[in-house]
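*Asks:* What follows is coords_1.txt; its format and atoms are compact mmCIF, C-alpha atoms.
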# COMPACT_ATOMS: atom_id res chain seq x y z
CA MET A 19 19.20 -55.03 -16.36
CA THR A 20 16.06 -55.06 -14.21
CA GLU A 21 12.93 -53.39 -15.52
CA ARG A 22 11.56 -50.61 -13.38
CA ARG A 23 7.86 -51.22 -12.76
CA SER A 24 6.20 -47.85 -13.20
CA PRO A 25 2.39 -47.98 -13.51
CA THR A 26 2.57 -44.97 -15.84
CA VAL A 27 4.77 -46.82 -18.31
CA ARG A 28 2.75 -50.03 -17.96
CA ARG A 29 -0.41 -48.07 -18.83
CA ARG A 30 1.34 -46.51 -21.83
CA ARG A 31 2.59 -49.89 -23.04
CA LEU A 32 -0.82 -51.51 -22.55
CA GLY A 33 -2.51 -48.80 -24.62
CA ALA A 34 -0.06 -49.24 -27.47
CA GLU A 35 -0.51 -53.01 -27.45
CA LEU A 36 -4.30 -52.75 -27.42
CA ARG A 37 -4.28 -50.27 -30.29
CA ARG A 38 -2.03 -52.54 -32.37
CA ARG A 39 -4.26 -55.54 -31.82
CA ARG A 40 -7.41 -53.58 -32.62
CA GLU A 41 -5.89 -52.36 -35.89
CA ASP A 42 -4.67 -55.88 -36.74
CA ALA A 43 -8.22 -57.13 -36.23
CA GLY A 44 -9.63 -54.41 -38.49
CA VAL A 45 -11.88 -53.05 -35.74
CA THR A 46 -12.67 -49.35 -35.26
CA ILE A 47 -12.74 -47.53 -31.93
CA GLU A 48 -16.44 -46.88 -32.44
CA MET A 49 -17.13 -50.61 -32.85
CA VAL A 50 -15.28 -51.40 -29.62
CA ALA A 51 -17.12 -48.66 -27.74
CA GLU A 52 -20.47 -50.00 -28.94
CA ARG A 53 -19.62 -53.57 -27.90
CA LEU A 54 -18.45 -52.43 -24.45
CA ASP A 55 -21.31 -49.94 -24.05
CA CYS A 56 -18.97 -47.01 -23.36
CA SER A 57 -17.81 -43.84 -25.11
CA SER A 58 -15.31 -43.79 -27.98
CA SER A 59 -13.27 -41.27 -26.01
CA LYS A 60 -12.75 -43.84 -23.24
CA ILE A 61 -11.28 -46.34 -25.69
CA SER A 62 -9.13 -43.64 -27.25
CA ARG A 63 -7.78 -42.54 -23.85
CA ILE A 64 -6.98 -46.14 -22.91
CA GLU A 65 -5.05 -46.59 -26.16
CA THR A 66 -3.05 -43.38 -25.64
CA GLY A 67 -2.26 -44.32 -22.05
CA HIS A 68 -4.09 -41.33 -20.59
CA THR A 69 -6.43 -43.45 -18.53
CA SER A 70 -6.20 -46.88 -16.98
CA ALA A 71 -8.28 -49.88 -18.02
CA THR A 72 -9.65 -52.50 -15.68
CA PRO A 73 -8.50 -56.09 -16.26
CA ARG A 74 -12.13 -56.86 -17.20
CA ASP A 75 -12.16 -54.10 -19.84
CA VAL A 76 -8.90 -55.44 -21.31
CA ALA A 77 -10.21 -59.01 -21.37
CA ASP A 78 -13.38 -57.85 -23.15
CA MET A 79 -11.41 -55.83 -25.69
CA LEU A 80 -9.09 -58.75 -26.41
CA ALA A 81 -12.09 -61.03 -26.92
CA ILE A 82 -13.33 -58.65 -29.62
CA TYR A 83 -9.89 -58.76 -31.29
CA GLY A 84 -9.66 -62.54 -31.08
CA VAL A 85 -6.61 -62.48 -28.79
CA VAL A 86 -6.59 -65.51 -26.48
CA GLY A 87 -4.19 -67.69 -24.48
CA PRO A 88 -0.88 -66.56 -22.91
CA GLU A 89 -0.73 -63.41 -25.05
CA GLY A 90 -4.04 -62.19 -23.69
CA GLU A 91 -3.20 -63.22 -20.14
CA GLU A 92 0.00 -61.16 -20.28
CA LEU A 93 -1.92 -58.03 -21.30
CA VAL A 94 -4.49 -58.54 -18.56
CA GLN A 95 -1.61 -58.81 -16.07
CA ILE A 96 -0.14 -55.56 -17.39
CA ALA A 97 -3.56 -53.97 -16.81
CA ARG A 98 -3.41 -55.07 -13.17
CA GLU A 99 0.09 -53.61 -12.75
CA ALA A 100 -0.93 -50.37 -14.47
CA ARG A 101 -3.61 -49.79 -11.81
CA GLN A 102 -1.15 -49.94 -8.92
CA LYS A 103 -0.16 -46.74 -7.14
CA GLY A 104 3.32 -45.33 -7.67
CA TRP A 105 5.30 -43.99 -4.70
CA TRP A 106 4.45 -40.47 -5.93
CA HIS A 107 0.67 -41.00 -5.70
CA PRO A 108 0.31 -39.22 -2.32
CA TYR A 109 1.82 -36.13 -3.98
CA SER A 110 -0.49 -36.21 -7.01
CA THR A 111 -2.09 -32.88 -6.11
CA VAL A 112 1.22 -30.98 -6.36
CA LEU A 113 3.06 -32.53 -9.29
CA THR A 114 2.79 -33.78 -12.83
CA GLY A 115 2.37 -37.47 -12.03
CA ALA A 116 2.69 -38.58 -15.64
CA TYR A 117 6.22 -37.19 -15.90
CA VAL A 118 7.37 -38.61 -12.56
CA GLY A 119 5.95 -41.99 -13.52
CA LEU A 120 7.82 -42.00 -16.83
CA GLU A 121 11.03 -40.80 -15.19
CA ALA A 122 10.81 -43.57 -12.58
CA ALA A 123 10.94 -46.20 -15.33
CA ALA A 124 13.39 -44.47 -17.67
CA HIS A 125 16.78 -45.94 -18.49
CA SER A 126 18.21 -42.54 -19.43
CA VAL A 127 17.38 -38.85 -19.36
CA ARG A 128 18.83 -36.22 -21.68
CA ALA A 129 17.86 -32.66 -20.83
CA TYR A 130 18.55 -29.10 -21.90
CA GLU A 131 17.71 -26.45 -19.29
CA GLN A 132 17.68 -22.69 -19.93
CA GLN A 133 16.71 -21.26 -16.55
CA VAL A 134 16.92 -23.68 -13.62
CA VAL A 135 18.85 -26.67 -12.37
CA PRO A 136 16.90 -29.89 -13.20
CA GLY A 137 14.94 -31.37 -10.33
CA LEU A 138 17.13 -34.48 -10.16
CA LEU A 139 20.13 -32.28 -9.30
CA GLN A 140 18.58 -29.64 -7.04
CA THR A 141 19.32 -29.10 -3.37
CA GLY A 142 16.35 -28.72 -1.05
CA ASP A 143 17.02 -25.03 -0.41
CA TYR A 144 17.40 -24.27 -4.12
CA ALA A 145 14.20 -26.17 -4.90
CA LYS A 146 12.30 -24.28 -2.22
CA ALA A 147 13.52 -20.88 -3.42
CA MET A 148 12.81 -21.71 -7.05
CA ILE A 149 9.30 -23.03 -6.41
CA ARG A 150 8.39 -20.08 -4.20
CA SER A 151 9.42 -17.64 -6.92
CA ALA A 152 7.91 -19.57 -9.83
CA ARG A 153 4.64 -20.34 -8.01
CA PRO A 154 3.71 -17.40 -5.76
CA ASP A 155 0.10 -18.62 -5.88
CA ILE A 156 0.63 -21.81 -3.84
CA THR A 157 0.80 -22.29 -0.08
CA ALA A 158 3.91 -22.91 2.01
CA GLU A 159 2.65 -26.44 2.66
CA GLU A 160 2.39 -27.12 -1.07
CA VAL A 161 5.92 -25.81 -1.54
CA GLU A 162 7.21 -28.23 1.10
CA ARG A 163 5.38 -31.15 -0.52
CA ARG A 164 6.85 -30.31 -3.92
CA VAL A 165 10.33 -30.12 -2.42
CA ARG A 166 9.90 -33.49 -0.68
CA VAL A 167 8.85 -35.31 -3.82
CA ARG A 168 11.62 -33.62 -5.83
CA LEU A 169 14.26 -34.83 -3.38
CA GLN A 170 12.73 -38.31 -3.29
CA ARG A 171 13.04 -38.52 -7.08
CA GLN A 172 16.81 -38.14 -6.72
CA SER A 173 17.16 -41.69 -5.42
CA LEU A 174 17.09 -42.66 -9.12
CA LEU A 175 20.69 -41.41 -9.35
CA THR A 176 22.11 -43.73 -6.71
CA GLN A 177 19.89 -46.83 -6.64
CA ASP A 178 21.24 -50.27 -7.62
CA ASP A 179 20.22 -49.72 -11.25
CA PRO A 180 20.75 -45.94 -11.53
CA ILE A 181 19.30 -43.81 -14.28
CA GLU A 182 21.72 -42.38 -16.87
CA VAL A 183 21.54 -38.58 -16.86
CA TRP A 184 23.07 -36.19 -19.40
CA VAL A 185 22.25 -32.54 -18.79
CA VAL A 186 23.28 -29.43 -20.70
CA LEU A 187 22.75 -26.23 -18.71
CA ASP A 188 22.65 -22.82 -20.29
CA GLU A 189 25.17 -20.54 -18.60
CA ALA A 190 22.24 -18.50 -17.24
CA VAL A 191 21.35 -21.42 -14.95
CA VAL A 192 24.64 -21.21 -13.04
CA SER A 193 24.86 -17.41 -13.19
CA ARG A 194 21.55 -16.52 -11.52
CA PRO A 195 21.69 -16.66 -7.68
CA VAL A 196 18.43 -18.48 -6.95
CA GLY A 197 17.80 -18.26 -3.20
CA GLY A 198 20.73 -15.92 -2.61
CA ASP A 199 24.48 -16.34 -2.36
CA GLU A 200 24.70 -19.16 0.18
CA VAL A 201 21.95 -21.27 -1.36
CA MET A 202 23.35 -20.90 -4.87
CA ARG A 203 26.92 -21.72 -3.82
CA ALA A 204 25.64 -24.91 -2.19
CA GLN A 205 23.71 -25.72 -5.37
CA LEU A 206 26.82 -25.30 -7.51
CA ALA A 207 28.73 -27.57 -5.14
CA ARG A 208 25.93 -30.13 -5.50
CA LEU A 209 26.31 -30.04 -9.29
CA VAL A 210 30.03 -30.73 -8.99
CA GLU A 211 29.31 -33.61 -6.62
CA ALA A 212 26.63 -35.09 -8.91
CA ALA A 213 28.92 -34.86 -11.95
CA ASP A 214 31.34 -37.17 -10.16
CA LEU A 215 28.79 -40.00 -10.39
CA PRO A 216 29.57 -42.39 -13.28
CA ASN A 217 25.98 -42.17 -14.56
CA VAL A 218 25.82 -38.34 -14.66
CA THR A 219 27.23 -36.15 -17.44
CA LEU A 220 27.00 -32.38 -17.05
CA GLN A 221 27.82 -29.67 -19.58
CA ILE A 222 27.56 -25.88 -19.67
CA LEU A 223 26.46 -24.05 -22.81
CA PRO A 224 28.30 -20.71 -22.55
CA PHE A 225 26.87 -17.36 -23.59
CA GLU A 226 29.70 -16.93 -26.08
CA VAL A 227 28.28 -19.55 -28.47
CA GLY A 228 25.52 -17.08 -29.36
CA ALA A 229 22.46 -18.49 -31.11
CA HIS A 230 22.17 -22.27 -30.88
CA ALA A 231 19.92 -25.25 -31.64
CA GLY A 232 18.07 -25.05 -28.32
CA MET A 233 16.76 -21.51 -28.63
CA ASP A 234 13.15 -22.73 -28.80
CA GLY A 235 13.16 -23.86 -25.18
CA THR A 236 13.83 -26.39 -22.46
CA PHE A 237 13.13 -30.09 -23.03
CA THR A 238 13.81 -33.55 -21.64
CA ILE A 239 14.19 -36.79 -23.60
CA LEU A 240 13.27 -39.97 -21.72
CA ASP A 241 14.45 -43.35 -23.06
CA PHE A 242 13.48 -46.80 -21.77
CA ALA A 243 15.36 -50.09 -21.66
CA GLU A 244 12.41 -52.12 -22.92
CA ALA A 245 12.07 -52.02 -26.72
CA ARG A 246 8.28 -52.01 -26.41
CA ASP A 247 8.43 -48.64 -24.61
CA PRO A 248 9.42 -45.96 -27.14
CA GLY A 249 11.14 -42.78 -25.97
CA VAL A 250 9.21 -39.61 -25.16
CA VAL A 251 10.03 -35.90 -25.12
CA TYR A 252 8.72 -33.67 -22.34
CA ALA A 253 8.61 -29.93 -22.99
CA GLU A 254 7.80 -28.20 -19.71
CA ASN A 255 5.75 -25.02 -19.34
CA ALA A 256 3.89 -23.07 -16.66
CA THR A 257 0.73 -25.19 -16.99
CA GLY A 258 2.44 -28.57 -16.69
CA GLY A 259 4.10 -29.50 -19.96
CA LEU A 260 3.66 -31.28 -23.25
CA PHE A 261 4.49 -34.91 -24.04
CA LEU A 262 5.70 -35.62 -27.58
CA GLU A 263 5.69 -39.30 -28.53
CA LYS A 264 5.78 -39.51 -32.33
CA ALA A 265 8.95 -41.04 -33.79
CA GLU A 266 9.68 -37.98 -35.92
CA GLU A 267 9.32 -35.68 -32.89
CA LEU A 268 11.75 -37.81 -30.90
CA ARG A 269 14.26 -37.79 -33.76
CA LYS A 270 14.03 -34.00 -34.03
CA TYR A 271 14.77 -33.46 -30.34
CA VAL A 272 17.62 -35.98 -30.33
CA PHE A 273 19.07 -34.05 -33.27
CA ILE A 274 18.71 -30.76 -31.36
CA PHE A 275 20.25 -32.20 -28.20
CA ASP A 276 23.24 -33.56 -30.11
CA HIS A 277 23.87 -30.11 -31.58
CA ILE A 278 23.55 -28.44 -28.18
CA ARG A 279 25.98 -30.78 -26.45
CA ALA A 280 28.45 -30.42 -29.34
CA ALA A 281 28.39 -26.63 -28.85
CA ALA A 282 28.73 -26.85 -25.06
CA LEU A 283 31.92 -27.01 -23.00
CA ARG A 284 33.30 -30.51 -22.55
CA PRO A 285 32.13 -32.22 -19.34
CA GLU A 286 35.47 -31.79 -17.53
CA GLU A 287 35.64 -28.11 -18.54
CA SER A 288 32.05 -27.61 -17.43
CA VAL A 289 32.63 -29.09 -13.97
CA ALA A 290 35.76 -26.97 -13.54
CA ALA A 291 33.81 -23.85 -14.52
CA ILE A 292 31.02 -24.64 -12.04
CA ALA A 293 33.53 -25.28 -9.25
CA LYS A 294 35.17 -21.92 -9.99
CA LEU A 295 31.79 -20.17 -9.92
CA ALA A 296 31.11 -21.66 -6.49
CA GLU A 297 34.27 -19.94 -5.25
CA GLU A 298 34.01 -16.74 -7.32
CA PRO A 299 30.34 -16.30 -8.35
CA LEU A 300 29.57 -13.91 -11.18
CA TRP A 301 26.68 -12.32 -9.28
CA ARG A 302 29.10 -11.01 -6.64
CA SER A 303 31.40 -9.35 -9.18
CA ARG A 304 28.61 -7.05 -10.32
CA PRO A 305 27.57 -4.16 -8.02
CA LYS A 306 24.08 -4.77 -6.65
CA GLY A 307 21.42 -2.69 -8.34
CA SER A 308 23.82 -1.44 -10.99
CA GLY A 309 21.43 -2.41 -13.79
CA TRP A 310 22.37 -2.08 -17.43
CA THR A 311 22.73 1.70 -17.62
Mind converting the file's structure to structure tokens?
*Replies:*
Amino acid sequence: MTERRSPTVRRRRLGAELRRRREDAGVTIEMVAERLDCSSSKISRIETGHTSATPRDVADMLAIYGVVGPEGEELVQIAREARQKGWWHPYSTVLTGAYVGLEAAAHSVRAYEQQVVPGLLQTGDYAKAMIRSARPDITAEEVERRVRVRLQRQSLLTQDDPIEVWVVLDEAVVSRPVGGDEVMRAQLARLVEAADLPNVTLQILPFEVGAHAGMDGTFTILDFAEARDPGVVYAENATGGLFLEKAEELRKYVFIFDHIRAAALRPEESVAAIAKLAEEPLWRSRPKGSGWT
């Protein structure tokens, strides 16, 4: 399996490696900051992968830790790769670059969605309608840019080394006509088409199951092929989202996802249900404006 070279993941790996070597050397962040004549927060952000480090910074840090030879040279090279621009860089003003960078390098994605079809499976028209409704504060140009990058991300599904995707959709996702009847029917057809890919598994969590393990909200679990890159959970919200990287947090969300998929319809039943909805959508069986009274 080839390793996907995402600068976001390289930066994350570099930070973890630098932190491990600092701790092995018995050196504090404050000591490193003093030696490099910089702030402690800079060292901390490098170690957490939130900011990039120059190859010179990495070489200086490794000298403090007593790391020399091929081991040090490898980390300096990772620093160079981490400073490269990902394909999504031109869209950095309209997306969460950290998530896209992690997704680009992921081996697999497991996601539970309560309200919308995941970006990797959206049609352009659905994406446009959803973004316009969710973000009425942004311009039409920004909407178009978000749609373009969302569709470009979908190449992960069909490239030579495709990403493994397992998605559980709450029944609400396929019952709400985002963009109107025609747009939503096309979106449902797209889901059926995507589910036919060998690397995509799709399930529906029906209303009839009642309360379930995913009641706290939508989340995505990203796993990586390289053992040095631990998995991460992304919990999305209106301001961007939260990354959870601790081992116990990952275990908790894997546990939740396993319970959700066990409660959901089997993949073949789910695809059949979506195909039926595309022909006989629930939103058309209910008189418009009838409300709940």
*Asks:* With distances taken over all atoms listed in the file, which residue among A:Val191, A:Ile149, A:Ala229, A:Val250 lies nearest A:Leu262?
*Replies:* A:Val250
*Asks:* Which residue gives the smallest distance to A:Leu260 among A:Ile222, A:Ile156, A:Ala116, A:Leu169, with all atoms listed in the file counted?
*Replies:* A:Ala116
*Asks:* Please report the interatomic distance between atom CA of A:Gln221 and atom CA of A:Arg279 in Å with one decimal.
*Replies:*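 Computing it gives 7.2 Å between the two atoms.
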*Asks:* Select, from A:Ala190, A:Val94, A:Ala158, A:Val227, the residue with the minimum atom-to-atom distance to A:Lys146, counting only C-alpha atoms.
*Replies:* A:Ala158
*Asks:* As a PyMOL selection string, please: the residues near stretch 71-84 of chain A (cut-off 9 Å, all atoms listed in the file, same-chain neighbours under 3 positions excluded).
*Replies:* chain A and resi 29+32-33+36+39-45+50+53-54+61+64+90-91+93-98+100-101
*Asks:* For those residues, write C-alpha atoms to a file as a PDB file, in the coordinates of the input.
*Replies:*
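As written to disk, selection_6.pdb reads:
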ATOM      1  CA  ARG A  29      -0.410 -48.070 -18.830  1.00  0.00           C
ATOM      2  CA  LEU A  32      -0.820 -51.510 -22.550  1.00  0.00           C
ATOM      3  CA  GLY A  33      -2.510 -48.800 -24.620  1.00  0.00           C
ATOM      4  CA  LEU A  36      -4.300 -52.750 -27.420  1.00  0.00           C
ATOM      5  CA  ARG A  39      -4.260 -55.540 -31.820  1.00  0.00           C
ATOM      6  CA  ARG A  40      -7.410 -53.580 -32.620  1.00  0.00           C
ATOM      7  CA  GLU A  41      -5.890 -52.360 -35.890  1.00  0.00           C
ATOM      8  CA  ASP A  42      -4.670 -55.880 -36.740  1.00  0.00           C
ATOM      9  CA  ALA A  43      -8.220 -57.130 -36.230  1.00  0.00           C
ATOM     10  CA  GLY A  44      -9.630 -54.410 -38.490  1.00  0.00           C
ATOM     11  CA  VAL A  45     -11.880 -53.050 -35.740  1.00  0.00           C
ATOM     12  CA  VAL A  50     -15.280 -51.400 -29.620  1.00  0.00           C
ATOM     13  CA  ARG A  53     -19.620 -53.570 -27.900  1.00  0.00           C
ATOM     14  CA  LEU A  54     -18.450 -52.430 -24.450  1.00  0.00           C
ATOM     15  CA  ILE A  61     -11.280 -46.340 -25.690  1.00  0.00           C
ATOM     16  CA  ILE A  64      -6.980 -46.140 -22.910  1.00  0.00           C
ATOM     17  CA  GLY A  90      -4.040 -62.190 -23.690  1.00  0.00           C
ATOM     18  CA  GLU A  91      -3.200 -63.220 -20.140  1.00  0.00           C
ATOM     19  CA  LEU A  93      -1.920 -58.030 -21.300  1.00  0.00           C
ATOM     20  CA  VAL A  94      -4.490 -58.540 -18.560  1.00  0.00           C
ATOM     21  CA  GLN A  95      -1.610 -58.810 -16.070  1.00  0.00           C
ATOM     22  CA  ILE A  96      -0.140 -55.560 -17.390  1.00  0.00           C
ATOM     23  CA  ALA A  97      -3.560 -53.970 -16.810  1.00  0.00           C
ATOM     24  CA  ARG A  98      -3.410 -55.070 -13.170  1.00  0.00           C
ATOM     25  CA  ALA A 100      -0.930 -50.370 -14.470  1.00  0.00           C
ATOM     26  CA  ARG A 101      -3.610 -49.790 -11.810  1.00  0.00           C
TER      27      ARG A 101
END
*Asks:* Would you compute the distance between atom CA of A:Trp184 and atom CA of A:Thr236? Give it in Å to one decimal.
*Replies:*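 Rounded to one decimal, the two atoms are 13.8 Å apart.
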*Asks:* Within 7 Å of stretch 133-140 of chain A, counting only C-alpha atoms, which residues show up once you throw out same-chain ones fewer than 3 positions away? Write them as a compact mmCIF listing (two decimals) with C-alpha atoms, in the coordinates of the input, please.
*Replies:*
# COMPACT_ATOMS: atom_id res chain seq x y z
CA TYR A 144 17.40 -24.27 -4.12
CA ALA A 145 14.20 -26.17 -4.90
CA ARG A 168 11.62 -33.62 -5.83
CA ARG A 171 13.04 -38.52 -7.08
CA GLN A 172 16.81 -38.14 -6.72
CA ALA A 190 22.24 -18.50 -17.24
CA VAL A 191 21.35 -21.42 -14.95
CA GLN A 205 23.71 -25.72 -5.37
CA LEU A 209 26.31 -30.04 -9.29
*Asks:* What is the distance between atom CA of A:Pro224 and atom CA of A:Glu189, in Å to one decimal?
*Replies:* 5.0 Å
*Asks:* If we count all atoms listed in the file and set the cut-off at 7 Å, which residues sit around A:Arg246, ignoring sequence neighbours fewer than 2 positions away in its own chain? Please answer as number ranges by chain.
*Replies:* A: 31, 244, 248
*Asks:* Find the residues near A:Val210: any atom within 9 Å, counting all atoms listed in the file, skip ones fewer than 2 places away on the same chain, and give them as a ChimeraX atom specification.
*Replies:* /A:205-208,212-214,220,289-290,292-293
*Asks:* Write to file, as a compact mmCIF listing (two decimals), in the coordinates of the input, the residues of the selection just made, with C-alpha atoms.
*Replies:*
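Produced file out33.txt, reproduced below:
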# COMPACT_ATOMS: atom_id res chain seq x y z
CA GLN A 205 23.71 -25.72 -5.37
CA LEU A 206 26.82 -25.30 -7.51
CA ALA A 207 28.73 -27.57 -5.14
CA ARG A 208 25.93 -30.13 -5.50
CA ALA A 212 26.63 -35.09 -8.91
CA ALA A 213 28.92 -34.86 -11.95
CA ASP A 214 31.34 -37.17 -10.16
CA LEU A 220 27.00 -32.38 -17.05
CA VAL A 289 32.63 -29.09 -13.97
CA ALA A 290 35.76 -26.97 -13.54
CA ILE A 292 31.02 -24.64 -12.04
CA ALA A 293 33.53 -25.28 -9.25
*Asks:* Nearest residue to A:Ala281 out of A:Pro216, A:Gly119, A:Gly228, A:Gly249, using all atoms listed in the file?
*Replies:*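 Under the stated criterion, the closest residue is A:Gly228.
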*Asks:* Which of these, A:Thr141, A:Glu286, A:Asp188, A:Gly235, has the shortest distance to A:Gln170 once you count all atoms listed in the file?
*Replies:*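 Among A:Thr141, A:Glu286, A:Asp188, A:Gly235, it is A:Thr141 that comes nearest to A:Gln170.
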*Asks:* For stretch 120-123 of chain A, find every residue with an atom within 12 Å (counting only C-alpha atoms), except residues of its own chain fewer than 2 positions away, and show them as a count of residues only.
*Replies:* 54
*Asks:* Set up a box along x, y and z of the file covering all listed atoms of stretch 283-288 of chain A, add 8 Å on every one of the six sides, and write the centre and edge lengths in Å to one decimal, as JSON.
*Replies:*
{"center_x": 33.8, "center_y": -29.6, "center_z": -20.2, "size_x": 19.7, "size_y": 21.2, "size_z": 21.6}
